[in-house]
Structures are given as C-alpha cells and as structure tokens.
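Input: a single structure, listed below in structure tokens.
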Amino acid sequence: MTKLEEKLQQIKKEERVGLMTHVVIGYPTLEETISIAKTMAENGVDIIELQIPFSDPLADGPTIMHACEKSLENGTKVKDAFIIMRQLTSQIPTPLLFMAYYNTVFKYGVEKFCKNAQAAGASGLIVPDMPIDEESEEHFLFFCRKYDLHNIQVISPASTEDRLKKNAEVASGFVYCTARQGITGAKDQLDQNITTYIEKVKSFFSVPVAIGFGISKRQHIQALKPHADIAVIGSAIINIINKSNESDTKQKIKQFLLELKS
Amino acid sequence: MKGHFGKYGGRYVPEMLIPALEELDQAYAVAKKDKQFRKEFTDLLRNFSGRPTPLVFAKNLTQKLGGAKIYLKNEGLNHTGAHKITHCIGQALIAKRIGKTRLIAETGAGQHGVATATVAAKFGFSCTVYMGEVDIARQRPNVFLMEQLGAKVVPVPFGSKTLKDAVNAAIKDWIENVKDTHYVLGSVVGPHPFPTMNRDFQSIIGKEIRKQLKEAEGILPDYVIACVGGGSNAMGAFTDFIKESSVHLIGVEAGGRGKKIGQHAVRFPSGSVGVVEGYKSYFLQDSDGQLQKTHSISAGLDYPGIGPELSFLHDNNRVKFVSITDQEALEAVKTLSELEGIIPALESAHAVAHAIKIAPKLSKSKTIVVNLSGRGDKDIFILTKAFKDKKFYEFMKNLVEEGI
Ligand SMILES: Cc1ncc(COP(=O)(O)O)c(C=O)c1O
C-alpha cells in the first residue's frame, strides 16, 4: 500500500472528512513554502498538493493565478519544485502531490518528470489539462504507473456519465471533484446540489472522493460529511497568506486550520 | 482521436470543458453536412459580409518592383474590416443551433472582438469580449466600436496583458458559464474542434483566390503569402492549395523590434513544442515551459502560439515561414497606400512586406497572391504615432482640451 492509500484508509476508518491543502511553490518564497507546508502538516492536514507555478494556468482563478505570477517573478524554476518536494518528504510524513499544468510535465519530459517526482518522494500528480483522450499520444498514465505515482483524475459537475466512466477506469488514489463548474477560488456558499453530485460520482468511482474549488469554511466541510472523503482547501489559504506578513503567516494558517476542524 | 495534425493539435483541456467541446464538435459535424446551414452561411457571407472579396492586380507595385506579378486578396473589404467576420458568422450559426444565448471572445487587435460583437448584435446574443490591458491601450478605437455594438469589453490585467492572456480569460469565463455561452475562439488555435472548424470557415479565401486568379490569368498562383498570428487568415488562404505542390505557401511572422526574447513573435525557429491553451503546437516558451513575452507593432500577430496545423505544415516543409520587422511592416503600409490605394492592416502589411522583398527576385512569369487580411483603419493611432504625424497629434490634443 502506498503512503497515500494508507492515509486514505486511515481517514475512512476514523469516519471523518480528510483535509487536503494547497500551496503554490515559491509563493510567497521558496522558504515560506516549506514552512507553510510544515505548518499544515503539524495542524492536522492529511494531504498537501504542491502546485508548480505556470505562466498560463487555465483552471485557476485570480487568487492562485496571482500567486503563480508572483512565484515566477521571484524566479521559481521547475527544478525548485523537485527540491522542495524532496525537502518536505524528508521532513514530514504527509503524502504530497504535485499539481502541475501539462506543459510543465511535457516540457520536462513525461518520463523524466514522473521518475524525478517519484525520486523526490511525491505520492502522485494532479494534471488537470491532461485528459485521458490524449493518453495514446502522451503516455502520461503509463509513466505514472511505471513510477508508482497516483494520477489524480479531476472531474466536474458537467462531466457526463460517459466521461465519469472513462475517468473511473483509470482513477488512482482518489478522484478530485470540483465542487462547481468553474475555476479555483474561495466562495461563500457551496452548491446546493453538491451531495447529489458526490453520490453520483461515487456510483462510478471505487476510489475515495475529494471535493475542491470554493471550499473555505468549517460549514462547507460539515456539509460534505458523510458524502465526501476529502475536502480540498486552496485559494482560501492563499488569501490568508496575502493578508498576513512573514512573521504571522504560520500562526494565521494554524488558526484557520484549527477553526476548520473544530 | 480527431483533431490531430500529426502530433499537433488535440484537446488538452480540463475535464470541465470536454462536454462543451464534444457538443460543439458534434454540432459542427452535423452542420457541415446540412444544406440549410451551408446555404445560410454562404448567404450571410455574401449579403452581410460582402463576399466574394476582390482579388486585385497590384499593377503599380508590380511595375515598380519589376519582378513577379502581385495580386492582392482584399479581405479588408469584409464587413468589419478583416477576415475575422467569416469564422464569427460560422460560429454564431453553430452557437444558435446548440441553443446558446451568449457569445464570448478574446481579442488582440480588436478585429475579432468587433466581428464577434457584430454577429452577436445581428443574431441576438449577449456578448463579452476579453482584451489584454496592453491591447486596450493600443487599440482603443476597436473598444469603442465593440461597446457601440452592445458588447461588454473586459480588460485582462494578468500575464503579459495581451492576446494570450485574453484567451486564458475567455476560456475561464467559458468554464464558468458553459451552459449558455459559446466561446467564439478567433483563430485556428485552441482545443479541437476550433482549429479545424475555423480553418473550414476561412477556407473560402483560398477557394475564391483559385477561382479569381483562374479567371484573370488562367493559372494557379506560384506563391501565396499570408501573415500568421494564430493562423486563421493564413490557413484560409492556404488550405485550397496545400495539395497543389507547385504553389509555394509562405507564412509571415512578426519580427518585431529584434531577435531578443520579448521583442518579437517568431515561433519558427525560436519556439519549441508545447501544450498550452488546450492544444499542442510550437510556442515561444522557456526551458521550463513558461510562455515568453512577445512583441509586435500589430496586436493581431503578438501571440506566442501558432495553429497546430501550421506547425504540422511547417514540419512537413509544406509552408515556409519568414519574419518581417515592425519597421518593414510600417514601410509596407506606406508603399501599398501610395502605390495601390489600399491602406492595409499592420498585420497584413507583414505579408505585403515579404512580397515586396521577394517579387524583384522572381521572374515576371511568376505570380504572387498576398492575402490582405484586413484594412488599416483600426491602426490609425499607431500609424500616426509611428509616422510622427504632428497635425494629428495636435488634433488629438485639441480634442482632449475641448473635453467631453
Ligand atoms: C487584420 C488581421 N490580420 C491577421 C490577424 C492575425 O490572426 P490570424 O493569424 O488568425 O489570421 C488579425 C488578428 O487580430 C487581424 O486582425
């Protein structure tokens, strides 16, 4: 069993909604990425996705887009992502995933990317713009398998049954469902039909279900219980980082996480 | 899978957009075979846009250069001033068939935005156009026109604040509003089916060139030259001739101010293969795959990607690519205006400039067709500045002093 699978099993056993959080590598700085991720790990976060900044992030709203832009301005390189991954996996037990846009993986070389991600200790990859239809061209899933990386498939409320079925066939680790048809960004309210949607997804997928996009509050997570296995918090934490300064970022994130779980 | 040109093209988008692209793909496949659709499309091209556009012999320019005969395919005489209206009409008809009520678009020069706003007005869609802040600053007249046509123009403050960022913003809008919205992508780029669909719509350009040149000279052209931003006017002009091995096809890219990164938009040979904005093609990017800044005096060519089919044709050596600098394009605007009475769009002037370069080296028995993708009215502020027109500057100063 992989580190991620063990964690997912533990969450199931404890009958709770697991928590996955998100950081943009190099935002605000590479050093702070490390300390932010550690703070997350120390405060009950189950899984962390490390987003490799990209110049043209198609699925991201203003908050994450801005963080990517700043990170790139700071000079963050793809090679830094592997360094950060390695440092973190040697310091915290939390399963870590890379979130990247496909051009980052493609340009690096799909096999080399997967191989180095495994070597750095990554548990899996989330690459939202690498659809299953292009597998015969890209061999992305093939190399994820070869290097023991979970390929986290991303689906949305607009996904048809046909698409759900096709994604379920290749799903590994868990499936990432966007809570709404949209881009990333913290929202006040969850979609009312969210539980119906989760149940529909569950009828297709045998892997655990994560819900992300727009989740920012304790009530949101409560509402997902007992339907979803994992809640994903992305933009909400970046918003906190934006509102704090270097000295109190860790404290504010800690406070936010504790409130989420209270 | 459909939508590949060799290894290029494809549909590299988040799962969220796949249903919409599948719907569009199917609707287009059905429409393409539907007589009623073709009739309606052809009728609008003729009666709304003014097709066929003329193919005019550039007699004075030819004489002056003393080499190959130059013909101009004047797409600038289309309604709204460029070839862009053609794929907008086509897409609006498709959007109507699939019950969408809102059109969105990206725009660089503003030509595609104006064309989209125009068809939105004509067919009763609401309309939002995304435009980079840099482009808004240099193409304000088109912003005004779009607004007159009832469109909402949304400035894009991200990235390089130009065309590629407007594409990103439009895709995001589409993701959020896919139920009622059709994204009128403005070139032969993006995920399948856009490159194929827009090429098919635009291919009327080449078909007309073939027919018109046959009538005028009884021959096929030896050269077809077109400027290449994303590649819609070029694919439009080239497609009918791809199978004719005697016809040289030349794509002209924006050489900008120089060879340094950020100073031009020359994908060949500076670019490398990548997957961005939903398609695989050549992009101007760094070794990490981050898109690089580009520059061109013509907003429509100021884009780091290129249509996937053009990448395929490039690798096959079927289309040759060259570049023309800002300065050469400006000179071509002057030359064509003075000699032929046609003020070309700055984008199109790149194609003209290349014809001016090669015509004298070719024998008089050869024929060049230059695709004039648009007319130059929209560039008046850029041109007056570039040509240091003091009187125009005073005119603007007076206008500003008068106030609103
Ligand atoms: C007049 C004109 N020509 C050319 C272009 C470039 O686009 P494409 O390469 O798709 O023809 C534009 C784009 O805005 C344009 O307005």
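Every chain in the structure tokens takes a letter, A first, then B, and so on in the order presented; its residues are numbered from 1, and the ligands are numbered from 1 following the presented order.
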
Taking only C-alpha atoms into account, report as a ChimeraX atom specification which residues of chain B lie within 6 Å of chain A.
/B:12-16,175-176,274-275,289-290

For ligand 1, collect every residue having any atom at a distance of at most 8 Å from a ligand atom (counting only C-alpha atoms and all ligand atoms); output as a ChimeraX atom specification.
/B:76,81-84,107-112,186-188,227-235,299-301,306,345-348,372-376

Quick one: pick out all strand (DSSP E or B) residues within region 6-72 of chain B from a backbone DSSP run and write them as a ChimeraX atom specification.
/B:8-9,55-57,69-72

Mind dumping the selected residues with all heavy atoms as a PDB file, in the first residue's frame?
ATOM      1  N   TYR B   8       0.466  17.340 -33.541  1.00  0.00           N
ATOM      2  CA  TYR B   8      -0.039  18.618 -33.031  1.00  0.00           C
ATOM      3  C   TYR B   8      -1.556  18.621 -32.881  1.00  0.00           C
ATOM      4  O   TYR B   8      -2.249  17.758 -33.398  1.00  0.00           O
ATOM      5  CB  TYR B   8       0.421  19.756 -33.948  1.00  0.00           C
ATOM      6  CG  TYR B   8       1.921  19.793 -34.099  1.00  0.00           C
ATOM      7  CD1 TYR B   8       2.536  19.440 -35.290  1.00  0.00           C
ATOM      8  CD2 TYR B   8       2.724  20.118 -33.003  1.00  0.00           C
ATOM      9  CE1 TYR B   8       3.919  19.432 -35.414  1.00  0.00           C
ATOM     10  CE2 TYR B   8       4.105  20.121 -33.111  1.00  0.00           C
ATOM     11  CZ  TYR B   8       4.700  19.779 -34.317  1.00  0.00           C
ATOM     12  OH  TYR B   8       6.057  19.772 -34.419  1.00  0.00           O
ATOM     13  N   GLY B   9      -2.040  19.658 -32.208  1.00  0.00           N
ATOM     14  CA  GLY B   9      -3.484  19.813 -32.039  1.00  0.00           C
ATOM     15  C   GLY B   9      -3.972  19.124 -30.790  1.00  0.00           C
ATOM     16  O   GLY B   9      -3.369  19.232 -29.730  1.00  0.00           O
ATOM     17  N   LEU B  55     -10.018  40.129 -55.766  1.00  0.00           N
ATOM     18  CA  LEU B  55      -8.598  39.831 -55.965  1.00  0.00           C
ATOM     19  C   LEU B  55      -8.135  40.856 -56.991  1.00  0.00           C
ATOM     20  O   LEU B  55      -8.568  40.834 -58.142  1.00  0.00           O
ATOM     21  CB  LEU B  55      -8.411  38.413 -56.513  1.00  0.00           C
ATOM     22  CG  LEU B  55      -6.954  38.011 -56.762  1.00  0.00           C
ATOM     23  CD1 LEU B  55      -6.255  37.689 -55.435  1.00  0.00           C
ATOM     24  CD2 LEU B  55      -6.865  36.793 -57.681  1.00  0.00           C
ATOM     25  N   VAL B  56      -7.281  41.763 -56.546  1.00  0.00           N
ATOM     26  CA  VAL B  56      -6.935  42.877 -57.432  1.00  0.00           C
ATOM     27  C   VAL B  56      -5.464  42.786 -57.840  1.00  0.00           C
ATOM     28  O   VAL B  56      -4.607  42.444 -57.024  1.00  0.00           O
ATOM     29  CB  VAL B  56      -7.269  44.236 -56.768  1.00  0.00           C
ATOM     30  CG1 VAL B  56      -6.504  44.420 -55.473  1.00  0.00           C
ATOM     31  CG2 VAL B  56      -6.983  45.395 -57.719  1.00  0.00           C
ATOM     32  N   PHE B  57      -5.220  43.061 -59.101  1.00  0.00           N
ATOM     33  CA  PHE B  57      -3.845  43.069 -59.594  1.00  0.00           C
ATOM     34  C   PHE B  57      -3.164  44.351 -59.115  1.00  0.00           C
ATOM     35  O   PHE B  57      -3.640  45.455 -59.382  1.00  0.00           O
ATOM     36  CB  PHE B  57      -3.841  42.988 -61.121  1.00  0.00           C
ATOM     37  CG  PHE B  57      -2.457  43.098 -61.718  1.00  0.00           C
ATOM     38  CD1 PHE B  57      -1.388  42.379 -61.176  1.00  0.00           C
ATOM     39  CD2 PHE B  57      -2.228  43.916 -62.825  1.00  0.00           C
ATOM     40  CE1 PHE B  57      -0.109  42.483 -61.722  1.00  0.00           C
ATOM     41  CE2 PHE B  57      -0.950  44.024 -63.380  1.00  0.00           C
ATOM     42  CZ  PHE B  57       0.112  43.304 -62.823  1.00  0.00           C
ATOM     43  N   LYS B  69       4.403  39.052 -60.746  1.00  0.00           N
ATOM     44  CA  LYS B  69       3.129  39.771 -60.691  1.00  0.00           C
ATOM     45  C   LYS B  69       2.528  39.631 -59.304  1.00  0.00           C
ATOM     46  O   LYS B  69       2.476  38.517 -58.761  1.00  0.00           O
ATOM     47  CB  LYS B  69       2.140  39.128 -61.661  1.00  0.00           C
ATOM     48  CG  LYS B  69       2.173  39.664 -63.049  1.00  0.00           C
ATOM     49  CD  LYS B  69       0.980  39.083 -63.811  1.00  0.00           C
ATOM     50  CE  LYS B  69       0.693  39.929 -65.026  1.00  0.00           C
ATOM     51  NZ  LYS B  69      -0.356  39.345 -65.849  1.00  0.00           N
ATOM     52  N   ILE B  70       2.064  40.734 -58.732  1.00  0.00           N
ATOM     53  CA  ILE B  70       1.480  40.669 -57.387  1.00  0.00           C
ATOM     54  C   ILE B  70      -0.021  40.923 -57.436  1.00  0.00           C
ATOM     55  O   ILE B  70      -0.480  41.926 -58.003  1.00  0.00           O
ATOM     56  CB  ILE B  70       2.150  41.688 -56.443  1.00  0.00           C
ATOM     57  CG1 ILE B  70       3.649  41.385 -56.318  1.00  0.00           C
ATOM     58  CG2 ILE B  70       1.495  41.681 -55.071  1.00  0.00           C
ATOM     59  CD1 ILE B  70       4.428  42.424 -55.541  1.00  0.00           C
ATOM     60  N   TYR B  71      -0.752  39.993 -56.878  1.00  0.00           N
ATOM     61  CA  TYR B  71      -2.196  40.162 -56.692  1.00  0.00           C
ATOM     62  C   TYR B  71      -2.490  40.307 -55.209  1.00  0.00           C
ATOM     63  O   TYR B  71      -1.824  39.705 -54.367  1.00  0.00           O
ATOM     64  CB  TYR B  71      -2.960  38.945 -57.229  1.00  0.00           C
ATOM     65  CG  TYR B  71      -3.207  38.991 -58.718  1.00  0.00           C
ATOM     66  CD1 TYR B  71      -2.226  38.570 -59.625  1.00  0.00           C
ATOM     67  CD2 TYR B  71      -4.428  39.456 -59.218  1.00  0.00           C
ATOM     68  CE1 TYR B  71      -2.457  38.613 -60.994  1.00  0.00           C
ATOM     69  CE2 TYR B  71      -4.669  39.500 -60.583  1.00  0.00           C
ATOM     70  CZ  TYR B  71      -3.682  39.085 -61.469  1.00  0.00           C
ATOM     71  OH  TYR B  71      -3.919  39.125 -62.814  1.00  0.00           O
ATOM     72  N   LEU B  72      -3.512  41.087 -54.904  1.00  0.00           N
ATOM     73  CA  LEU B  72      -3.909  41.277 -53.510  1.00  0.00           C
ATOM     74  C   LEU B  72      -5.312  40.728 -53.294  1.00  0.00           C
ATOM     75  O   LEU B  72      -6.250  41.115 -54.007  1.00  0.00           O
ATOM     76  CB  LEU B  72      -3.906  42.772 -53.157  1.00  0.00           C
ATOM     77  CG  LEU B  72      -2.611  43.526 -53.453  1.00  0.00           C
ATOM     78  CD1 LEU B  72      -2.844  45.037 -53.336  1.00  0.00           C
ATOM     79  CD2 LEU B  72      -1.497  43.084 -52.513  1.00  0.00           C
TER      80      LEU B  72
END

Which residues in region 185-303 of chain B does DSSP call alpha helix (DSSP H)? List them as a VMD selection string.
chain B and resid 194 to 202 204 to 217 232 to 238

Which distance in Å separates CA of Lys38 (chain A) and CA of Leu257 (chain A), to one decimal?
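Between CA of Lys38 (chain A) and CA of Leu257 (chain A) the gap works out to 12.7 Å.
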
Identify which of the residues A:Leu224, A:Ile230, A:Ile237, A:Met40 lies closest to Val175 (chain A), counting only C-alpha atoms when measuring atom-to-atom distances.
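Answer, going by the shortest atom-to-atom distance: A:Ile230.
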
Excluding Pro304 (chain B) and residues on its chain fewer than 3 positions from it, collect all residues at most 12 Å away from it, counting only C-alpha atoms, and give them as an MDAnalysis selection string.
(chainID A and resid 55:56) or (chainID B and resid 160 162:165 167 189 228:231 253:254 261:268 270:277 281:286 289:296 299:301 307)

Please provide the set of residues having any atom within 10 Å of Pro226 (chain A), restricted to only C-alpha atoms, with same-chain residues fewer than 4 positions apart removed, written as a list in words.
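Residues near the query, excluding close chain neighbours: Glu15, Arg16, Val17, Thr195, Ile221 and Gln222 of chain A.
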
Emit the selected residues as a short mmCIF file (atom, residue, chain, number, x, y, z; two decimals), in the first residue's frame, including C-alpha atoms.
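Dumped everything to out_2.cif:
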data_model
loop_
_atom_site.label_atom_id
_atom_site.label_comp_id
_atom_site.auth_asym_id
_atom_site.auth_seq_id
_atom_site.Cartn_x
_atom_site.Cartn_y
_atom_site.Cartn_z
CA GLU A 15 -15.04 8.31 9.71
CA ARG A 16 -14.09 11.92 9.08
CA VAL A 17 -13.63 14.22 6.15
CA THR A 195 -24.35 15.94 -2.23
CA ILE A 221 -16.67 20.70 5.32
CA GLN A 222 -19.51 19.77 7.65
#

Gly173 (chain A) environment, 12 Å, only C-alpha atoms, sequence neighbours closer than 3 positions dropped, as a PDB file with C-alpha atoms, in the first residue's frame:
ATOM      1  CA  MET A   1       0.000   0.000   0.000  1.00  0.00           C
ATOM      2  CA  THR A   2       1.292   3.484  -0.804  1.00  0.00           C
ATOM      3  CA  LYS A   3       1.635   6.319   1.674  1.00  0.00           C
ATOM      4  CA  LEU A   4      -1.400   7.981   0.116  1.00  0.00           C
ATOM      5  CA  GLU A   5      -3.511   4.852   0.246  1.00  0.00           C
ATOM      6  CA  GLU A   6      -2.628   4.317   3.886  1.00  0.00           C
ATOM      7  CA  LYS A   7      -3.678   7.863   4.659  1.00  0.00           C
ATOM      8  CA  LEU A   8      -6.945   7.446   2.767  1.00  0.00           C
ATOM      9  CA  GLN A   9      -7.664   4.254   4.652  1.00  0.00           C
ATOM     10  CA  ILE A  47      -2.547  15.554   2.147  1.00  0.00           C
ATOM     11  CA  PRO A  95       1.586  12.388   1.442  1.00  0.00           C
ATOM     12  CA  LEU A  97       1.160  15.562  -4.604  1.00  0.00           C
ATOM     13  CA  SER A 123       2.786  10.331  -3.964  1.00  0.00           C
ATOM     14  CA  GLY A 124       1.051  11.403  -7.114  1.00  0.00           C
ATOM     15  CA  LEU A 125       0.287  14.008  -9.758  1.00  0.00           C
ATOM     16  CA  ILE A 126      -2.696  16.226 -10.449  1.00  0.00           C
ATOM     17  CA  CYS A 144       2.614   7.467 -13.592  1.00  0.00           C
ATOM     18  CA  ARG A 145       2.077   3.711 -13.181  1.00  0.00           C
ATOM     19  CA  ASP A 148       4.290   4.400  -8.692  1.00  0.00           C
ATOM     20  CA  LEU A 149       2.593   7.777  -8.803  1.00  0.00           C
ATOM     21  CA  HIS A 150      -1.140   8.119  -8.309  1.00  0.00           C
ATOM     22  CA  ASN A 151      -2.644  10.009 -11.213  1.00  0.00           C
ATOM     23  CA  ILE A 152      -5.396  12.044  -9.596  1.00  0.00           C
ATOM     24  CA  GLN A 153      -8.176  12.490 -12.143  1.00  0.00           C
ATOM     25  CA  VAL A 154     -10.160  15.730 -11.975  1.00  0.00           C
ATOM     26  CA  ALA A 168     -13.170   5.915 -13.271  1.00  0.00           C
ATOM     27  CA  VAL A 170      -8.039   4.919 -14.871  1.00  0.00           C
ATOM     28  CA  TYR A 176     -10.753  15.122  -7.397  1.00  0.00           C
ATOM     29  CA  PHE A 205     -15.673   5.528  -8.803  1.00  0.00           C
ATOM     30  CA  SER A 206     -14.345   2.973  -6.355  1.00  0.00           C
ATOM     31  CA  VAL A 207     -11.597   5.306  -5.090  1.00  0.00           C
ATOM     32  CA  PRO A 208     -12.271   7.932  -2.385  1.00  0.00           C
ATOM     33  CA  VAL A 209     -13.763  11.271  -3.425  1.00  0.00           C
ATOM     34  CA  ALA A 210     -12.179  14.664  -2.798  1.00  0.00           C
ATOM     35  CA  ASP A 229     -13.804  11.617   1.844  1.00  0.00           C
ATOM     36  CA  ILE A 230     -11.618  14.677   1.469  1.00  0.00           C
TER      37      ILE A 230
END
